[in-house]
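Dropping start_25.tsv in here (TSV, C-alpha atoms and all ligand atoms):
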```tsv
chain	number	residue	atom	x	y	z
A	1	MET	CA	5.74	-10.71	22.31
A	2	LEU	CA	2.18	-10.39	21.00
A	3	VAL	CA	1.19	-7.19	19.17
A	4	LEU	CA	-2.33	-6.08	18.25
A	5	GLY	CA	-2.30	-4.10	14.98
A	6	ILE	CA	-5.12	-1.73	14.01
A	7	GLU	CA	-5.57	-0.24	10.51
A	8	SER	CA	-8.24	2.29	9.48
A	9	SER	CA	-6.44	4.83	7.27
A	10	CYS	CA	-8.62	4.55	4.19
A	11	ASP	CA	-11.46	2.16	3.35
A	12	GLU	CA	-10.35	-1.06	5.04
A	13	THR	CA	-11.05	-1.69	8.73
A	14	ALA	CA	-8.58	-4.32	9.90
A	15	LEU	CA	-7.15	-5.81	13.09
A	16	ALA	CA	-4.48	-8.48	13.51
A	17	LEU	CA	-2.42	-10.22	16.17
A	18	VAL	CA	1.20	-10.94	15.27
A	19	ASP	CA	4.05	-12.40	17.32
A	20	GLU	CA	7.63	-13.50	16.54
A	21	ASN	CA	6.29	-16.65	14.85
A	22	GLY	CA	3.99	-14.77	12.50
A	23	VAL	CA	0.27	-14.08	12.24
A	24	ARG	CA	-1.87	-15.40	15.13
A	25	ALA	CA	-5.19	-13.96	13.90
A	26	SER	CA	-6.40	-11.41	11.38
A	27	VAL	CA	-9.72	-9.81	10.42
A	28	ILE	CA	-10.47	-7.31	7.69
A	29	SER	CA	-13.55	-5.63	6.29
A	30	SER	CA	-13.41	-3.70	3.02
A	31	GLN	CA	-15.78	-0.85	2.22
A	32	ALA	CA	-14.99	-1.04	-1.52
A	33	ASP	CA	-18.60	-1.94	-2.43
A	34	ILE	CA	-19.96	1.14	-0.65
A	35	HIS	CA	-17.49	3.57	-2.25
A	36	ALA	CA	-17.90	1.92	-5.67
A	37	LEU	CA	-21.37	3.50	-5.82
A	38	PHE	CA	-19.64	6.91	-5.80
A	39	GLY	CA	-16.62	6.03	-7.99
A	40	GLY	CA	-14.14	6.71	-5.18
A	41	VAL	CA	-13.70	6.81	-1.41
A	42	VAL	CA	-16.15	9.19	0.33
A	43	PRO	CA	-14.27	10.22	3.53
A	44	GLU	CA	-17.36	10.84	5.69
A	45	LEU	CA	-18.85	7.44	4.82
A	46	ALA	CA	-15.47	5.77	5.39
A	47	SER	CA	-15.11	7.07	8.96
A	48	ARG	CA	-18.70	6.15	9.83
A	49	GLU	CA	-18.12	2.60	8.58
A	50	HIS	CA	-14.87	2.30	10.57
A	51	ALA	CA	-16.70	3.46	13.73
A	52	ARG	CA	-19.51	0.96	13.11
A	53	LEU	CA	-17.22	-2.01	12.44
A	54	ILE	CA	-14.12	-1.64	14.58
A	55	GLY	CA	-15.66	-2.93	17.83
A	56	PRO	CA	-17.34	-6.05	16.38
A	57	LEU	CA	-14.21	-6.81	14.33
A	58	CYS	CA	-12.08	-6.63	17.48
A	59	ASP	CA	-14.43	-9.11	19.19
A	60	SER	CA	-14.17	-11.53	16.29
A	61	LEU	CA	-10.36	-11.19	16.22
A	62	LEU	CA	-10.16	-12.17	19.89
A	63	ARG	CA	-12.51	-15.12	19.31
A	64	GLN	CA	-10.33	-16.24	16.37
A	65	ALA	CA	-7.11	-15.93	18.41
A	66	ASP	CA	-8.54	-17.84	21.38
A	67	LEU	CA	-6.26	-16.20	23.95
A	68	GLY	CA	-7.96	-17.69	27.02
A	69	PRO	CA	-10.20	-16.15	29.70
A	70	GLU	CA	-8.19	-12.92	29.92
A	71	PRO	CA	-7.18	-12.12	26.34
A	72	TRP	CA	-5.99	-8.59	27.07
A	73	LYS	CA	-3.38	-9.93	29.52
A	74	ALA	CA	-1.81	-11.83	26.61
A	75	ILE	CA	-1.37	-8.72	24.43
A	76	ASP	CA	1.92	-6.87	24.99
A	77	TYR	CA	1.56	-3.86	22.66
A	78	ILE	CA	-1.12	-2.07	20.66
A	79	ALA	CA	0.12	-0.72	17.32
A	80	VAL	CA	-2.12	1.59	15.30
A	81	THR	CA	-1.80	3.37	11.95
A	82	ARG	CA	-1.42	7.07	12.78
A	83	GLY	CA	-1.05	8.24	9.16
A	84	PRO	CA	-0.84	9.16	6.41
A	85	GLY	CA	-4.49	8.70	5.50
A	86	LEU	CA	-7.96	10.22	5.71
A	87	MET	CA	-8.18	12.17	8.96
A	88	GLY	CA	-11.67	11.00	9.98
A	89	SER	CA	-10.76	7.38	9.25
A	90	LEU	CA	-7.44	7.54	11.10
A	91	LEU	CA	-9.08	9.09	14.16
A	92	VAL	CA	-11.41	6.11	14.57
A	93	GLY	CA	-8.47	3.67	14.77
A	94	VAL	CA	-6.29	5.95	16.90
A	95	ALA	CA	-9.10	6.72	19.40
A	96	PHE	CA	-10.01	3.01	19.60
A	97	ALA	CA	-6.35	2.05	20.18
A	98	LYS	CA	-5.95	4.70	22.89
A	99	ALA	CA	-9.09	3.52	24.67
A	100	LEU	CA	-7.85	-0.09	24.66
A	101	ALA	CA	-4.36	0.95	25.75
A	102	MET	CA	-5.73	2.93	28.67
A	103	ALA	CA	-8.38	0.40	29.73
A	104	HIS	CA	-5.98	-2.56	29.69
A	105	ASP	CA	-2.75	-0.73	30.55
A	106	ILE	CA	-0.96	-1.83	27.38
A	107	PRO	CA	1.75	0.35	25.73
A	108	LEU	CA	0.65	2.16	22.57
A	109	ILE	CA	2.72	2.46	19.36
A	110	GLY	CA	1.84	4.73	16.43
A	111	ILE	CA	2.78	3.35	13.01
A	112	ASP	CA	3.62	5.03	9.71
A	113	HIS	CA	1.24	3.26	7.30
A	114	LEU	CA	3.77	3.43	4.43
A	115	GLN	CA	6.53	1.82	6.48
A	116	GLY	CA	4.01	-0.84	7.48
A	117	HIS	CA	3.42	-1.68	3.81
A	118	LEU	CA	7.19	-2.15	3.27
A	119	LEU	CA	7.67	-4.27	6.41
A	120	ALA	CA	4.95	-6.69	5.26
A	121	ALA	CA	7.55	-7.93	2.77
A	122	GLY	CA	9.68	-9.16	5.68
A	123	LEU	CA	7.01	-11.50	7.05
A	124	GLU	CA	7.94	-14.42	4.82
A	125	ASN	CA	11.55	-13.69	3.85
A	126	ASP	CA	14.27	-11.73	5.59
A	127	ILE	CA	14.89	-8.28	4.18
A	128	LEU	CA	18.62	-7.81	3.58
A	129	TRP	CA	19.71	-4.37	4.77
A	130	PRO	CA	20.24	-1.83	3.42
A	131	ALA	CA	17.29	-2.36	1.09
A	132	LEU	CA	15.74	-0.20	-1.57
A	133	GLY	CA	12.07	0.30	-0.68
A	134	VAL	CA	9.54	1.01	-3.45
A	135	LEU	CA	6.21	1.96	-1.91
A	136	ILE	CA	3.44	2.17	-4.48
A	137	SER	CA	-0.13	2.63	-3.28
A	138	GLY	CA	-3.30	4.50	-4.16
A	139	GLY	CA	-2.12	7.70	-2.52
A	140	HIS	CA	1.67	7.40	-2.39
A	141	THR	CA	4.72	6.62	-4.49
A	142	HIS	CA	7.88	6.75	-2.38
A	143	LEU	CA	11.42	5.44	-2.80
A	144	TYR	CA	13.19	4.62	0.47
A	145	ARG	CA	16.61	3.71	1.65
A	146	MET	CA	15.80	1.11	4.30
A	147	ASP	CA	18.69	0.68	6.76
A	148	GLY	CA	16.61	-1.34	9.19
A	149	PRO	CA	12.98	-1.94	10.19
A	150	VAL	CA	12.83	1.31	12.18
A	151	ASP	CA	15.40	3.22	10.16
A	152	MET	CA	14.08	4.38	6.77
A	153	THR	CA	14.85	7.51	4.73
A	154	VAL	CA	12.70	8.83	1.88
A	155	LEU	CA	14.87	9.27	-1.23
A	156	GLY	CA	12.16	10.48	-3.59
A	157	LYS	CA	8.41	10.66	-4.01
A	158	THR	CA	5.71	11.69	-6.41
A	159	LEU	CA	5.21	15.40	-6.97
A	160	ASP	CA	1.59	14.90	-8.02
A	161	ASP	CA	-0.35	11.67	-8.64
A	162	ALA	CA	0.58	8.33	-7.10
A	163	ALA	CA	1.14	5.25	-9.26
A	164	GLY	CA	-2.14	3.73	-8.00
A	165	GLU	CA	-4.01	6.94	-8.70
A	166	ALA	CA	-2.66	6.91	-12.28
A	167	CYS	CA	-3.99	3.33	-12.64
A	168	ASP	CA	-7.35	4.17	-11.08
A	169	LYS	CA	-7.89	7.32	-13.19
A	170	PHE	CA	-7.08	5.54	-16.48
A	171	ALA	CA	-9.36	2.68	-15.44
A	172	LYS	CA	-12.20	5.07	-14.57
A	173	ALA	CA	-11.81	7.03	-17.82
A	174	ALA	CA	-11.89	3.73	-19.74
A	175	GLY	CA	-15.21	2.82	-18.11
A	176	LEU	CA	-13.94	0.20	-15.65
A	177	PRO	CA	-15.79	0.02	-12.31
A	178	TYR	CA	-14.08	1.24	-9.11
A	179	PRO	CA	-11.54	0.27	-7.80
A	180	GLY	CA	-10.01	-0.01	-11.25
A	181	GLY	CA	-6.38	-1.00	-10.56
A	182	ALA	CA	-6.81	-4.77	-10.30
A	183	LEU	CA	-9.21	-4.90	-13.29
A	184	LEU	CA	-6.81	-2.80	-15.37
A	185	ASP	CA	-4.17	-5.41	-14.58
A	186	ALA	CA	-6.49	-8.20	-15.77
A	187	LEU	CA	-7.28	-6.22	-18.92
A	188	GLY	CA	-3.59	-5.62	-19.62
A	189	ARG	CA	-2.80	-9.33	-19.24
A	190	LYS	CA	-5.08	-9.96	-22.24
A	191	GLY	CA	-3.20	-7.40	-24.36
A	192	GLN	CA	0.17	-6.78	-25.95
A	193	ALA	CA	2.17	-3.80	-24.66
A	194	ASP	CA	3.54	-1.23	-27.10
A	195	PRO	CA	6.54	0.35	-25.31
A	196	HIS	CA	6.22	3.54	-27.40
A	197	LEU	CA	2.52	4.26	-26.85
A	198	PHE	CA	2.95	6.14	-23.55
A	199	PRO	CA	5.82	8.22	-22.10
A	200	ARG	CA	8.10	7.31	-19.17
A	201	PRO	CA	7.22	10.57	-17.41
A	202	TYR	CA	9.68	12.75	-15.51
A	203	THR	CA	12.69	10.52	-16.12
A	204	HIS	CA	14.83	13.00	-18.14
A	205	ASN	CA	16.40	14.49	-15.02
A	206	ASP	CA	18.74	13.20	-12.36
A	207	ASN	CA	16.41	13.10	-9.37
A	208	LEU	CA	14.47	10.33	-7.63
A	209	ASP	CA	11.03	11.95	-7.68
A	210	PHE	CA	8.05	10.96	-9.80
A	211	SER	CA	5.33	12.78	-11.68
A	212	PHE	CA	2.52	10.67	-13.10
A	213	SER	CA	0.13	13.50	-14.02
A	214	GLY	CA	1.52	13.75	-17.60
A	215	LEU	CA	1.04	10.02	-18.12
A	216	LYS	CA	-2.51	10.32	-16.82
A	217	THR	CA	-3.17	13.06	-19.39
A	218	ALA	CA	-1.60	10.95	-22.17
A	219	GLY	CA	-3.87	8.07	-21.14
A	220	ALA	CA	-6.96	10.29	-21.09
A	221	LEU	CA	-6.05	11.68	-24.52
A	222	TRP	CA	-5.64	8.19	-25.97
A	223	LEU	CA	-9.01	7.15	-24.54
A	224	SER	CA	-10.73	10.25	-25.96
A	225	GLN	CA	-9.26	9.42	-29.38
A	226	HIS	CA	-10.47	5.79	-29.16
A	227	PRO	CA	-14.10	5.97	-28.00
A	228	GLU	CA	-14.71	2.53	-29.56
A	229	ALA	CA	-12.27	1.02	-27.03
A	230	ARG	CA	-14.44	1.83	-23.98
A	231	PHE	CA	-14.95	-1.03	-21.51
A	232	PRO	CA	-18.37	-2.64	-22.11
A	233	ALA	CA	-21.05	-1.18	-19.81
A	234	GLY	CA	-23.77	-3.35	-18.26
A	235	ASP	CA	-25.05	-5.01	-15.11
A	236	THR	CA	-23.15	-8.28	-15.49
A	237	PRO	CA	-20.07	-8.70	-13.25
A	238	ALA	CA	-17.00	-6.81	-14.51
A	239	LYS	CA	-15.11	-10.12	-14.79
A	240	GLU	CA	-17.62	-11.33	-17.38
A	241	ARG	CA	-17.45	-8.07	-19.32
A	242	LEU	CA	-13.66	-8.42	-19.35
A	243	GLU	CA	-14.11	-11.26	-21.85
A	244	MET	CA	-15.84	-8.87	-24.26
A	245	ALA	CA	-13.32	-6.02	-23.90
A	246	ASP	CA	-11.94	-4.41	-27.03
A	247	LYS	CA	-8.49	-5.68	-28.10
A	248	THR	CA	-7.10	-2.13	-28.56
A	249	LEU	CA	-8.16	-1.31	-24.96
A	250	CYS	CA	-6.36	-4.44	-23.67
A	251	ASP	CA	-3.23	-3.40	-25.59
A	252	ALA	CA	-3.46	0.17	-24.26
A	253	ALA	CA	-3.89	-1.11	-20.69
A	254	ALA	CA	-0.77	-3.29	-21.09
A	255	SER	CA	1.17	-0.32	-22.53
A	256	TYR	CA	0.00	2.02	-19.77
A	257	LEU	CA	0.98	-0.40	-17.01
A	258	LEU	CA	4.35	-0.99	-18.67
A	259	ALA	CA	4.94	2.79	-18.71
A	260	ILE	CA	4.23	2.95	-14.96
A	261	ALA	CA	6.37	-0.10	-14.13
A	262	GLU	CA	9.32	1.03	-16.25
A	263	THR	CA	9.18	4.57	-14.83
A	264	LEU	CA	9.34	3.10	-11.32
A	265	ALA	CA	12.22	0.82	-12.35
A	266	ILE	CA	14.23	3.68	-13.95
A	267	LYS	CA	14.14	5.67	-10.71
A	268	ALA	CA	14.75	2.54	-8.60
A	269	GLU	CA	17.89	1.81	-10.60
A	270	ARG	CA	18.99	5.41	-10.21
A	271	ALA	CA	18.50	5.16	-6.44
A	272	MET	CA	20.61	2.00	-6.31
A	273	ALA	CA	23.46	3.84	-8.03
A	274	ARG	CA	23.62	5.97	-4.88
A	275	PHE	CA	23.93	3.18	-2.32
A	276	GLU	CA	24.68	-0.54	-2.32
A	277	ALA	CA	21.22	-2.07	-1.84
A	278	ARG	CA	21.33	-5.74	-0.76
A	279	SER	CA	17.66	-6.35	-1.56
A	280	ILE	CA	14.68	-4.63	-3.20
A	281	VAL	CA	11.34	-4.36	-1.40
A	282	VAL	CA	8.25	-3.49	-3.47
A	283	ALA	CA	5.04	-2.97	-1.47
A	284	GLY	CA	1.65	-1.22	-1.40
A	285	GLY	CA	-1.51	-1.92	-3.40
A	286	VAL	CA	0.18	-1.52	-6.80
A	287	ALA	CA	2.78	-4.16	-5.84
A	288	ALA	CA	-0.05	-6.58	-6.68
A	289	ASN	CA	0.30	-5.55	-10.32
A	290	SER	CA	1.67	-8.28	-12.57
A	291	VAL	CA	3.67	-5.92	-14.85
A	292	VAL	CA	5.26	-4.23	-11.83
A	293	ARG	CA	6.18	-7.64	-10.39
A	294	GLU	CA	7.73	-8.83	-13.68
A	295	THR	CA	9.63	-5.57	-14.25
A	296	PHE	CA	11.11	-5.58	-10.74
A	297	SER	CA	12.00	-9.26	-10.80
A	298	ARG	CA	14.04	-8.58	-13.97
A	299	LEU	CA	15.72	-5.62	-12.24
A	300	ALA	CA	16.57	-7.68	-9.14
A	301	GLU	CA	17.89	-10.51	-11.31
A	302	LYS	CA	20.09	-8.08	-13.23
A	303	ARG	CA	21.55	-6.77	-9.97
A	304	ARG	CA	21.73	-10.28	-8.46
A	305	ILE	CA	19.89	-9.30	-5.29
A	306	PRO	CA	16.62	-10.69	-3.90
A	307	LEU	CA	13.28	-9.06	-4.61
A	308	LEU	CA	10.79	-9.12	-1.75
A	309	ILE	CA	7.11	-8.45	-2.38
A	310	PRO	CA	4.42	-9.16	0.23
A	311	LYS	CA	2.07	-11.97	-0.68
A	312	LEU	CA	-0.98	-10.72	-2.60
A	313	SER	CA	-3.29	-10.67	0.42
A	314	LEU	CA	-0.81	-8.36	2.21
A	315	CYS	CA	-0.21	-5.92	-0.69
A	316	GLY	CA	-3.38	-3.92	-0.04
A	317	ASP	CA	-4.21	-2.29	3.28
A	318	ASN	CA	-4.24	-4.72	6.22
A	319	ALA	CA	-3.48	-4.82	9.94
A	320	VAL	CA	-0.90	-7.62	9.81
A	321	MET	CA	1.64	-5.16	8.41
A	322	ILE	CA	0.79	-2.66	11.17
A	323	ALA	CA	1.25	-5.29	13.90
A	324	GLU	CA	4.52	-6.41	12.24
A	325	ALA	CA	5.78	-2.79	12.19
A	326	GLY	CA	4.69	-2.56	15.85
A	327	LEU	CA	6.73	-5.65	16.68
A	328	HIS	CA	9.84	-3.94	15.26
A	329	MET	CA	9.11	-0.72	17.17
A	330	ALA	CA	8.61	-2.72	20.38
A	331	ARG	CA	11.94	-4.52	19.85
A	332	ALA	CA	13.56	-1.07	19.56
A	333	ASP	CA	11.76	-0.10	22.82
A	334	ARG	CA	9.89	2.71	21.05
A	335	VAL	CA	6.40	3.57	22.29
A	336	HIS	CA	4.03	6.52	22.22
A	337	THR	CA	2.00	8.24	24.91
A	338	LEU	CA	-1.76	8.74	24.85
A	339	SER	CA	-1.13	12.10	23.16
A	340	LEU	CA	-0.31	10.24	19.92
A	341	SER	CA	-1.64	12.33	17.02
A	342	ALA	CA	-3.17	11.21	13.73
A	343	ILE	CA	-1.36	12.62	10.67
A	344	PRO	CA	-3.28	13.33	7.44
A	345	ARG	CA	-1.94	12.71	3.94
A	346	GLY	CA	0.65	15.28	2.85
A	347	GLN	CA	2.19	15.85	6.29
A	348	SER	CA	5.30	14.08	7.51
A	349	ILE	CA	5.07	11.64	10.38
A	350	PRO	CA	6.80	13.06	13.49
A	351	GLN	CA	9.47	10.94	15.19
A	352	ASP	CA	7.94	11.55	18.61
A	353	TRP	CA	8.24	8.10	20.21
A	354	HIS	CA	9.60	7.53	23.72
A	355	VAL	CA	12.23	4.97	24.55
A	356	LEU	CA	10.99	2.56	27.22
B	401	LIG	O1	-2.06	0.24	-0.54
B	401	LIG	P1	-3.46	0.31	-0.99
B	401	LIG	O2	-4.35	-0.87	-0.76
B	401	LIG	O3	-4.19	1.54	-0.38
B	401	LIG	C1	-3.55	2.74	-0.15
B	401	LIG	O4	-2.91	2.86	0.94
B	401	LIG	O5	-3.61	3.58	-1.07
B	401	LIG	O6	-3.40	0.62	-2.55
B	401	LIG	C2	-4.55	0.76	-3.32
B	401	LIG	C3	-4.15	1.03	-4.76
B	401	LIG	C4	-5.34	1.44	-5.63
B	401	LIG	O7	-4.96	2.53	-6.42
B	401	LIG	C5	-5.57	0.19	-6.47
B	401	LIG	O8	-6.19	0.45	-7.70
B	401	LIG	C6	-4.16	-0.29	-6.66
B	401	LIG	O9	-3.58	-0.13	-5.37
B	401	LIG	N1	-4.08	-1.69	-7.09
B	401	LIG	C7	-3.57	-2.08	-8.28
B	401	LIG	C8	-3.69	-3.48	-8.33
B	401	LIG	N2	-4.28	-3.90	-7.18
B	401	LIG	C9	-4.51	-2.78	-6.42
B	401	LIG	N3	-3.03	-1.35	-9.27
B	401	LIG	C10	-2.58	-2.03	-10.34
B	401	LIG	N4	-2.66	-3.37	-10.47
B	401	LIG	C11	-3.20	-4.14	-9.50
B	401	LIG	N5	-3.26	-5.48	-9.63
B	402	ZN	ZN	-1.97	1.54	1.95
```
Rewrite the structure of this file - the entire thing - as structure tokens.
Ligand code: KG4
Ligand code: ZN
Amino acid sequence: MLVLGIESSCDETALALVDENGVRASVISSQADIHALFGGVVPELASREHARLIGPLCDSLLRQADLGPEPWKAIDYIAVTRGPGLMGSLLVGVAFAKALAMAHDIPLIGIDHLQGHLLAAGLENDILWPALGVLISGGHTHLYRMDGPVDMTVLGKTLDDAAGEACDKFAKAAGLPYPGGALLDALGRKGQADPHLFPRPYTHNDNLDFSFSGLKTAGALWLSQHPEARFPAGDTPAKERLEMADKTLCDAAASYLLAIAETLAIKAERAMARFEARSIVVAGGVAANSVVRETFSRLAEKRRIPLLIPKLSLCGDNAVMIAEAGLHMARADRVHTLSLSAIPRGQSIPQDWHVL
């Protein structure tokens, strides 16, 4: 069963072909350089770039996969991210997927982007069910009970900023270029974390939700009190400037990331007190973070269950995870009609599939 996955929810245009044996072909184009000029994703520019790139990227995917003279006959399903994401960006992928589905008479499957992130962890190792899912990206921070690849329940989520947003805002306020998360990680690796410098926000309660806005404020306050710690400005690549970064800034970055990772781990542990998780899945862009990885591997070790994190190249947005999620939907005989809707951030994804 060969599934074409299409991802265009934010600033990556990506397509991939995945079957039961894994990835057959994958292409991705990031718009990060364009949005860096504005310090964040500009939705109008993002959708225009998706519209410009999606066709040529599809051609190069098919060339890479080498499916013979009639490639579309080899593709069994088309899976596309339907949300959550930027509406204009999502619509490019969804409209493209619908056009292909109709032209080539291939069943269409709409995918929840967040569930796609989590399922990427199952590509290399088997997820043991039920699993605790920790989805940490630029726009979302969700805890899931995962009973199976198409059976997930949200246990808690952020009430304000996402973990990635908290990283990006601290990075931006410190003078790091966009997107700041990965650079903040590199900065933190050069420093020594002080566990008392920043709070573990919104943990003195008994729920499974998050609130990172207070931590963001604490970070901004610390930065305003330490103007000397600002990341060196200049035209040289950020990686070179990293070598000249102030030691106190490196320490603060390490402390800030530890606060985020430990806050996530506190709520993850609390979630696992409510059901017997047989594995922990950590996914989304922030799953690339080294402090998050270390903190969760200690937690998994303590509970004697496996920790599954997608490989680095599959932590950020990609189409492999969408095709993989599509494969699971197809196995469950779930498909959508051409009336599949795109769902913007903040709205829940409807369970409006049809059983084949
Ligand atoms: O999942 P993703 O690629 O896009 C969304 O769906 O949001 O996540 C992007 C987020 C950004 O906030 C980015 O700064 C963050 O993931 N990120 C990191 C690291 N790599 C990416 N945050 C902390 N440490 C990293 N190494
Ligand atoms: Zn994402």
Checklist entry - For the atom pair CA of Ile54 (chain A) and CA of Gly5 (chain A), what is the interatomic distance in Å to one decimal place? => result 12.1 Å
Proximity of chain A to ligand LIG 401 (chain B): per-residue shortest pair, 8 Å limit, all atoms listed in the file, as a Markdown table:
```
| residue | atom | partner | partner_atom | distance |
| --- | --- | --- | --- | --- |
| A:Ser9 | CA | B:LIG401 | O4 | 7.5 |
| A:Cys10 | CA | B:LIG401 | O4 | 6.8 |
| A:Gly85 | CA | B:LIG401 | O4 | 7.6 |
| A:His113 | CA | B:LIG401 | O4 | 7.6 |
| A:Leu114 | CA | B:LIG401 | O4 | 7.6 |
| A:His117 | CA | B:LIG401 | O1 | 7.3 |
| A:Ile136 | CA | B:LIG401 | O1 | 7.0 |
| A:Ser137 | CA | B:LIG401 | O6 | 3.9 |
| A:Gly138 | CA | B:LIG401 | O5 | 3.2 |
| A:Gly139 | CA | B:LIG401 | O5 | 4.6 |
| A:His140 | CA | B:LIG401 | O5 | 6.6 |
| A:Ala163 | CA | B:LIG401 | O7 | 7.3 |
| A:Gly164 | CA | B:LIG401 | O7 | 3.4 |
| A:Glu165 | CA | B:LIG401 | O7 | 5.1 |
| A:Ala166 | CA | B:LIG401 | O7 | 7.7 |
| A:Cys167 | CA | B:LIG401 | N3 | 5.8 |
| A:Asp168 | CA | B:LIG401 | O8 | 5.2 |
| A:Pro179 | CA | B:LIG401 | O8 | 5.4 |
| A:Gly180 | CA | B:LIG401 | O8 | 5.2 |
| A:Gly181 | CA | B:LIG401 | O8 | 3.2 |
| A:Ala182 | CA | B:LIG401 | N5 | 3.7 |
| A:Leu183 | CA | B:LIG401 | N5 | 7.0 |
| A:Leu184 | CA | B:LIG401 | N4 | 6.4 |
| A:Asp185 | CA | B:LIG401 | N4 | 4.8 |
| A:Ala186 | CA | B:LIG401 | N5 | 7.5 |
| A:Leu257 | CA | B:LIG401 | C10 | 7.7 |
| A:Ala283 | CA | B:LIG401 | O1 | 7.8 |
| A:Gly284 | CA | B:LIG401 | O1 | 4.1 |
| A:Gly285 | CA | B:LIG401 | O6 | 3.3 |
| A:Val286 | CA | B:LIG401 | N3 | 4.1 |
| A:Ala287 | CA | B:LIG401 | C8 | 7.0 |
| A:Ala288 | CA | B:LIG401 | N5 | 4.5 |
| A:Asn289 | CA | B:LIG401 | N5 | 3.6 |
| A:Ser290 | CA | B:LIG401 | N5 | 6.4 |
| A:Cys315 | CA | B:LIG401 | O1 | 6.4 |
| A:Gly316 | CA | B:LIG401 | O2 | 3.3 |
| A:Asp317 | CA | B:LIG401 | O2 | 4.3 |
| A:Asn318 | CA | B:LIG401 | O2 | 8.0 |
```
Checklist entry - Got a sec to check which residues sit within 8 Å of (14.9, -6.2, -11.4), counting only C-alpha atoms, and write them as a VMD selection string? => result chain A and resid 265 294 to 303 307
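Pairwise distance (CA of Ser341 (chain A), CA of Gly88 (chain A)) equals 12.3 Å.
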Checklist entry - Could you name the residues that touch Pro56 (chain A) at 12 Å or less, counting only C-alpha atoms, but leaving out those on the same chain fewer than 3 positions away, as a PyMOL selection string? => result chain A and resi 13-15+27-29+49-53+59-63
Exercise: residues within 7 Å of coordinate (-14.5, 3.4, -10.3), counting all atoms listed in the file, as a compact mmCIF listing (two decimals) with C-alpha atoms, in the frame of the given file:
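Here's the written file selection.txt:
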```
# COMPACT_ATOMS: atom_id res chain seq x y z
CA ALA A 36 -17.90 1.92 -5.67
CA GLY A 39 -16.62 6.03 -7.99
CA GLY A 40 -14.14 6.71 -5.18
CA LYS A 172 -12.20 5.07 -14.57
CA LEU A 176 -13.94 0.20 -15.65
CA PRO A 177 -15.79 0.02 -12.31
CA TYR A 178 -14.08 1.24 -9.11
CA PRO A 179 -11.54 0.27 -7.80
CA GLY A 180 -10.01 -0.01 -11.25
```
